[in-house]
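S.K.: So that you have it, the file is input26.pdb, and it contains PDB, C-alpha atoms:
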ATOM      1  CA  MET U 292       0.000   0.000   0.000
ATOM      2  CA  LEU U 293       1.359   3.432  -1.004
ATOM      3  CA  LYS U 294       1.650   5.910   1.837
ATOM      4  CA  THR U 295       0.936   9.478   0.737
ATOM      5  CA  THR U 296       2.893  12.143   2.553
ATOM      6  CA  THR U 297       2.846  15.899   2.307
ATOM      7  CA  ALA U 298       6.221  15.809   0.564
ATOM      8  CA  SER U 299       5.046  13.291  -2.021
ATOM      9  CA  LEU U 300       1.936  15.350  -2.757
ATOM     10  CA  VAL U 301       4.050  18.457  -3.221
ATOM     11  CA  LEU U 302       6.508  16.528  -5.402
ATOM     12  CA  LEU U 303       3.697  15.170  -7.568
ATOM     13  CA  THR U 304       2.262  18.655  -7.859
ATOM     14  CA  CYS U 305       5.613  20.113  -8.881
ATOM     15  CA  VAL U 306       6.889  17.460 -11.227
ATOM     16  CA  GLY U 307       3.528  17.073 -12.922
ATOM     17  CA  GLY U 308       3.449  20.781 -13.611
ATOM     18  CA  VAL U 309       0.017  21.076 -12.027
ATOM     19  CA  ASN U 310      -1.079  24.590 -11.188
ATOM     20  CA  ALA U 311      -1.596  24.507  -7.415
ATOM     21  CA  ARG U 312      -4.552  26.918  -7.639
ATOM     22  CA  ALA U 313      -6.444  24.477  -9.886
ATOM     23  CA  MET U 314      -6.039  21.501  -7.542
ATOM     24  CA  ASP U 315      -8.904  19.968  -5.563
ATOM     25  CA  HIS U 316      -7.809  20.770  -2.006
ATOM     26  CA  SER U 317     -10.856  19.121  -0.408
ATOM     27  CA  ARG U 318      -9.160  15.710  -0.358
ATOM     28  CA  MET U 319      -5.870  16.957   1.115
ATOM     29  CA  ASP U 320      -4.939  16.914   4.749
ATOM     30  CA  HIS U 321      -4.056  20.251   6.335
ATOM     31  CA  GLY U 322      -0.297  19.732   6.025
ATOM     32  CA  ALA U 323      -0.537  18.960   2.323
ATOM     33  CA  ARG U 324      -2.790  21.969   1.764
ATOM     34  CA  MET U 325      -0.318  24.267   3.556
ATOM     35  CA  ALA U 326       2.634  22.833   1.604
ATOM     36  CA  THR U 327       0.794  23.382  -1.684
ATOM     37  CA  MET U 328      -0.072  26.955  -0.726
ATOM     38  CA  ALA U 329       3.551  27.629   0.251
ATOM     39  CA  LEU U 330       4.723  26.167  -3.053
ATOM     40  CA  GLY U 331       2.310  28.395  -4.972
ATOM     41  CA  GLN U 332       3.610  31.429  -3.104
ATOM     42  CA  ARG U 333       7.236  30.450  -3.849
ATOM     43  CA  GLN U 334       6.434  29.987  -7.551
ATOM     44  CA  ALA U 335       4.839  33.455  -7.652
ATOM     45  CA  GLU U 336       7.917  34.952  -5.959
ATOM     46  CA  VAL U 337      10.254  33.166  -8.389
ATOM     47  CA  ALA U 338       8.211  34.424 -11.353
ATOM     48  CA  GLN U 339       8.396  37.972  -9.983
ATOM     49  CA  ARG U 340      12.185  37.807  -9.452
ATOM     50  CA  GLY U 341      12.568  36.177 -12.873
ATOM     51  CA  LYS U 342      11.367  39.393 -14.513
ATOM     52  CA  ASP U 343      14.581  41.057 -13.300
ATOM     53  CA  VAL U 344      16.809  38.360 -14.852
ATOM     54  CA  MET U 345      14.980  36.900 -17.862
ATOM     55  CA  PRO U 346      14.146  39.358 -20.662
ATOM     56  CA  PHE U 347      11.327  37.163 -21.997
ATOM     57  CA  SER U 348       7.903  36.532 -20.508
ATOM     58  CA  LEU U 349       7.853  33.446 -18.276
ATOM     59  CA  ALA U 350       4.121  33.042 -18.940
ATOM     60  CA  ALA U 351       4.698  33.147 -22.716
ATOM     61  CA  THR U 352       7.322  30.385 -22.587
ATOM     62  CA  THR U 353       7.885  26.879 -21.300
ATOM     63  CA  HIS U 354      11.139  25.745 -19.721
ATOM     64  CA  ILE U 355      11.891  22.096 -20.535
ATOM     65  CA  PHE U 356      14.504  20.200 -18.538
ATOM     66  CA  THR U 357      15.729  16.846 -19.841
ATOM     67  CA  LYS U 358      18.209  14.896 -17.734
ATOM     68  CA  THR U 359      20.899  12.835 -19.439
ATOM     69  CA  ALA U 360      23.600  10.561 -18.052
ATOM     70  CA  GLN U 361      26.210  13.285 -18.652
ATOM     71  CA  GLY U 362      24.089  16.254 -17.498
ATOM     72  CA  GLY U 363      21.067  17.485 -19.368
ATOM     73  CA  VAL U 364      19.345  19.740 -21.851
ATOM     74  CA  GLN U 365      17.553  22.948 -20.933
ATOM     75  CA  GLN U 366      15.145  24.357 -23.502
ATOM     76  CA  VAL U 367      13.067  27.508 -23.468
ATOM     77  CA  VAL U 368      10.324  27.496 -26.081
ATOM     78  CA  VAL U 369       7.714  30.106 -26.871
ATOM     79  CA  LYS U 370       4.105  28.968 -26.578
ATOM     80  CA  ASP U 371       2.883  31.122 -29.493
ATOM     81  CA  VAL U 372       4.971  30.374 -32.591
ATOM     82  CA  ARG U 373       3.998  33.785 -34.047
ATOM     83  CA  ASP U 374       5.671  35.655 -31.169
ATOM     84  CA  ALA U 375       8.993  36.372 -32.882
ATOM     85  CA  GLU U 376      10.054  38.870 -30.203
ATOM     86  CA  GLN U 377       9.788  36.268 -27.425
ATOM     87  CA  VAL U 378      11.769  33.792 -29.552
ATOM     88  CA  ARG U 379      14.476  36.437 -30.053
ATOM     89  CA  LEU U 380      14.567  37.214 -26.317
ATOM     90  CA  THR U 381      14.806  33.532 -25.281
ATOM     91  CA  ARG U 382      17.696  33.008 -27.674
ATOM     92  CA  LEU U 383      19.483  36.118 -26.457
ATOM     93  CA  HIS U 384      19.057  35.104 -22.818
ATOM     94  CA  LEU U 385      20.275  31.531 -23.263
ATOM     95  CA  GLN U 386      23.345  32.751 -25.167
ATOM     96  CA  GLU U 387      24.092  35.211 -22.362
ATOM     97  CA  ILE U 388      23.682  32.698 -19.553
ATOM     98  CA  ARG U 389      25.845  30.180 -21.408
ATOM     99  CA  ASP U 390      28.655  32.737 -21.472
ATOM    100  CA  GLN U 391      28.104  33.563 -17.784
ATOM    101  CA  PHE U 392      27.963  29.906 -16.704
ATOM    102  CA  LEU U 393      31.183  29.097 -18.561
ATOM    103  CA  LYS U 394      32.843  31.825 -16.438
ATOM    104  CA  GLY U 395      31.397  30.298 -13.263
ATOM    105  CA  ASP U 396      28.868  33.127 -12.926
ATOM    106  CA  PHE U 397      25.568  31.671 -11.717
ATOM    107  CA  SER U 398      24.285  34.986 -10.357
ATOM    108  CA  GLY U 399      21.127  34.844 -12.508
ATOM    109  CA  PRO U 400      19.789  31.576 -11.048
ATOM    110  CA  THR U 401      20.895  32.737  -7.593
ATOM    111  CA  ARG U 402      18.863  35.970  -7.918
ATOM    112  CA  ILE U 403      15.799  34.057  -9.129
ATOM    113  CA  HIS U 404      15.903  30.873  -7.041
ATOM    114  CA  GLY U 405      18.060  31.835  -4.059
ATOM    115  CA  GLN U 406      21.494  31.007  -2.717
ATOM    116  CA  ASP U 407      20.398  27.586  -1.409
ATOM    117  CA  MET U 408      19.057  26.263  -4.725
ATOM    118  CA  PRO U 409      19.843  22.523  -4.909
ATOM    119  CA  GLY U 410      22.890  21.754  -7.063
ATOM    120  CA  LEU U 411      23.910  25.395  -7.447
ATOM    121  CA  ALA U 412      26.839  25.398  -4.997
ATOM    122  CA  GLU U 413      28.390  22.412  -6.794
ATOM    123  CA  LEU U 414      27.944  24.064 -10.196
ATOM    124  CA  LYS U 415      29.542  27.278  -8.938
ATOM    125  CA  ALA U 416      32.501  25.283  -7.595
ATOM    126  CA  ALA U 417      33.161  23.468 -10.900
ATOM    127  CA  ARG U 418      36.510  24.186 -12.475
ATOM    128  CA  PRO U 419      36.573  25.707 -15.974
ATOM    129  CA  GLY U 420      36.054  22.988 -18.561
ATOM    130  CA  GLN U 421      34.453  20.479 -16.173
ATOM    131  CA  ILE U 422      31.041  21.225 -17.656
ATOM    132  CA  VAL U 423      30.730  21.723 -21.411
ATOM    133  CA  ILE U 424      27.768  23.947 -22.266
ATOM    134  CA  THR U 425      26.612  24.256 -25.870
ATOM    135  CA  TYR U 426      23.982  26.602 -27.264
ATOM    136  CA  LYS U 427      21.598  25.836 -30.122
ATOM    137  CA  ASP U 428      18.659  27.613 -31.763
ATOM    138  CA  ILE U 429      15.579  25.370 -31.896
ATOM    139  CA  ASP U 430      12.072  25.858 -33.255
ATOM    140  CA  LYS U 431      10.327  28.465 -31.101
ATOM    141  CA  GLY U 432      13.338  29.095 -28.870
ATOM    142  CA  ALA U 433      16.745  27.882 -27.790
ATOM    143  CA  GLU U 434      18.506  25.183 -25.809
ATOM    144  CA  LEU U 435      21.573  24.681 -23.701
ATOM    145  CA  SER U 436      23.167  21.250 -23.417
ATOM    146  CA  TYR U 437      25.236  20.522 -20.327
ATOM    147  CA  ALA U 438      27.757  17.667 -20.379
ATOM    148  CA  THR U 439      30.301  16.502 -17.842
ATOM    149  CA  GLY U 440      32.299  13.366 -17.184
ATOM    150  CA  ASN U 441      32.091  14.078 -13.451
ATOM    151  CA  GLY U 442      29.276  12.086 -11.815
ATOM    152  CA  SER U 443      28.934  14.528  -8.917
ATOM    153  CA  LEU U 444      28.466  17.440 -11.307
ATOM    154  CA  ALA U 445      25.954  15.468 -13.399
ATOM    155  CA  SER U 446      24.034  14.833 -10.173
ATOM    156  CA  ALA U 447      24.224  18.535  -9.294
ATOM    157  CA  LEU U 448      22.830  19.404 -12.729
ATOM    158  CA  HIS U 449      19.953  16.968 -12.132
ATOM    159  CA  GLN U 450      19.221  18.551  -8.725
ATOM    160  CA  TRP U 451      19.375  22.000 -10.310
ATOM    161  CA  PHE U 452      16.934  20.910 -13.046
ATOM    162  CA  ASP U 453      14.536  19.450 -10.440
ATOM    163  CA  ALA U 454      14.613  22.691  -8.448
ATOM    164  CA  GLN U 455      13.788  24.713 -11.555
ATOM    165  CA  LEU U 456      10.907  22.382 -12.417
ATOM    166  CA  THR U 457       9.497  22.950  -8.946
ATOM    167  CA  ASP U 458      10.079  26.706  -8.898
ATOM    168  CA  HIS U 459       8.713  27.401 -12.391
ATOM    169  CA  GLY U 460       5.588  25.264 -11.834
ATOM    170  CA  LYS U 461       3.160  25.400 -14.732
ATOM    171  CA  ASP U 462       5.723  27.221 -16.891
ATOM    172  CA  ALA U 463       8.127  24.241 -16.852
ATOM    173  CA  MET U 464       8.083  20.569 -17.703
ATOM    174  CA  ALA U 465      10.387  17.576 -17.632
ATOM    175  CA  GLY U 466      11.594  16.428 -21.019
ATOM    176  CA  HIS U 467      12.468  12.926 -22.084
ATOM    177  CA  ALA U 468      15.945  12.021 -23.330
ATOM    178  CA  GLY U 469      16.043  10.554 -26.809
ATOM    179  CA  HIS U 470      12.806  12.103 -28.004
ATOM    180  CA  GLY U 471      14.291  15.108 -29.792
ATOM    181  CA  ASP U 472      12.738  18.508 -29.192
ATOM    182  CA  THR U 473       9.960  18.151 -26.645
ATOM    183  CA  LYS U 474       6.734  19.785 -27.807
ATOM    184  CA  LYS U 475       4.198  21.560 -25.628
ATOM    185  CA  PRO U 476       1.343  23.693 -26.955
TER     186      PRO U 476
END
Can I see the file as structure tokens?

M.R.:
Amino acid sequence: MLKTTTASLVLLTCVGGVNARAMDHSRMDHGARMATMALGQRQAEVAQRGKDVMPFSLAATTHIFTKTAQGGVQQVVVKDVRDAEQVRLTRLHLQEIRDQFLKGDFSGPTRIHGQDMPGLAELKAARPGQIVITYKDIDKGAELSYATGNGSLASALHQWFDAQLTDHGKDAMAGHAGHGDTKKP
């Protein structure tokens, strides 16, 4: 028999990309309800801080995080294919953060997600060249691929991806390795 805990309900809410405001709270215990409300508040705060770091509209885009054995792929795609300005801004931003990350500058994610973001300390501590980050234009946006031969850094990237999935809520989704560009309307 599966035991449902507050943490597992929050995890299911986050990973599934469910909007906490649209959930049926009547079947939740008090602790789960409070955790969901706190998560919704954190996601709103992250979205607000994101406006200071990301030049594109979070609501107009979807962040897709696909874990791989060597690291992962981060995509930002625009929901409306006709929105050329948002596509331009996502591409500009991902190119800029690639350059910053290669210099060990993770100030953008720190300003959005906080100093204690899972995986971030390990990524900041990586030596130059330990993580290879490549940029690519994709349909409706851009992607960054992260690759490392260091298992601890690959794990840190996975933790970092999970934290972003949680913090971006309905504006993020997990991708699936080997399926090419993940599509979301």

S.K.: Exactly which residues make up the result of the PyMOL selection byres ((chain U and resi 450) around 12) on this file, given as a ChimeraX atom specification?

M.R.: /U:356-358,362-363,407-414,443-449,451-457

S.K.: Please, what distance in Å, to one decimal, runs between CA of Phe397 in chain U and CA of Lys370 in chain U?

M.R.: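 Atom-to-atom, CA of Phe397 in chain U to CA of Lys370 in chain U, that is 26.2 Å.
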
S.K.: In Å, with one decimal, what is the gap from CA of Gly442 in chain U to CA of Gly395 in chain U?

M.R.: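 Answer for the CA of Gly442 in chain U to CA of Gly395 in chain U separation: 18.4 Å.
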
S.K.: One number please: CA of Lys394 in chain U to CA of Val369 in chain U, in Å, one decimal.

M.R.: 27.3 Å

S.K.: Given the file above and the PyMOL selection byres ((chain U and resi 438) around 8), which residues are selected, and can you give them as a PyMOL selection string?

M.R.: chain U and resi 361-363+422-424+436-437+439-440+445

S.K.: On this file, the PyMOL selection byres ((chain U and resi 371) around 12) gives some set of residues; write that set as an MDAnalysis selection string.

M.R.: chainID U and resid 348 350:353 368:370 372:378 430:432 475:476

S.K.: Asp428 in chain U: which residues within 12 Å, counting all atoms listed in the file, same-chain residues fewer than 4 positions away excluded, as number ranges by chain?

M.R.: U: 365-368, 378-386, 432-436, 472

S.K.: Nearest to Arg418 in chain U: which of U:Asp462, U:His467, U:Asp390, U:Asn441 is it, counting only C-alpha atoms?

M.R.: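 Looking at the shortest contact to Arg418 in chain U, the residue is U:Asn441.
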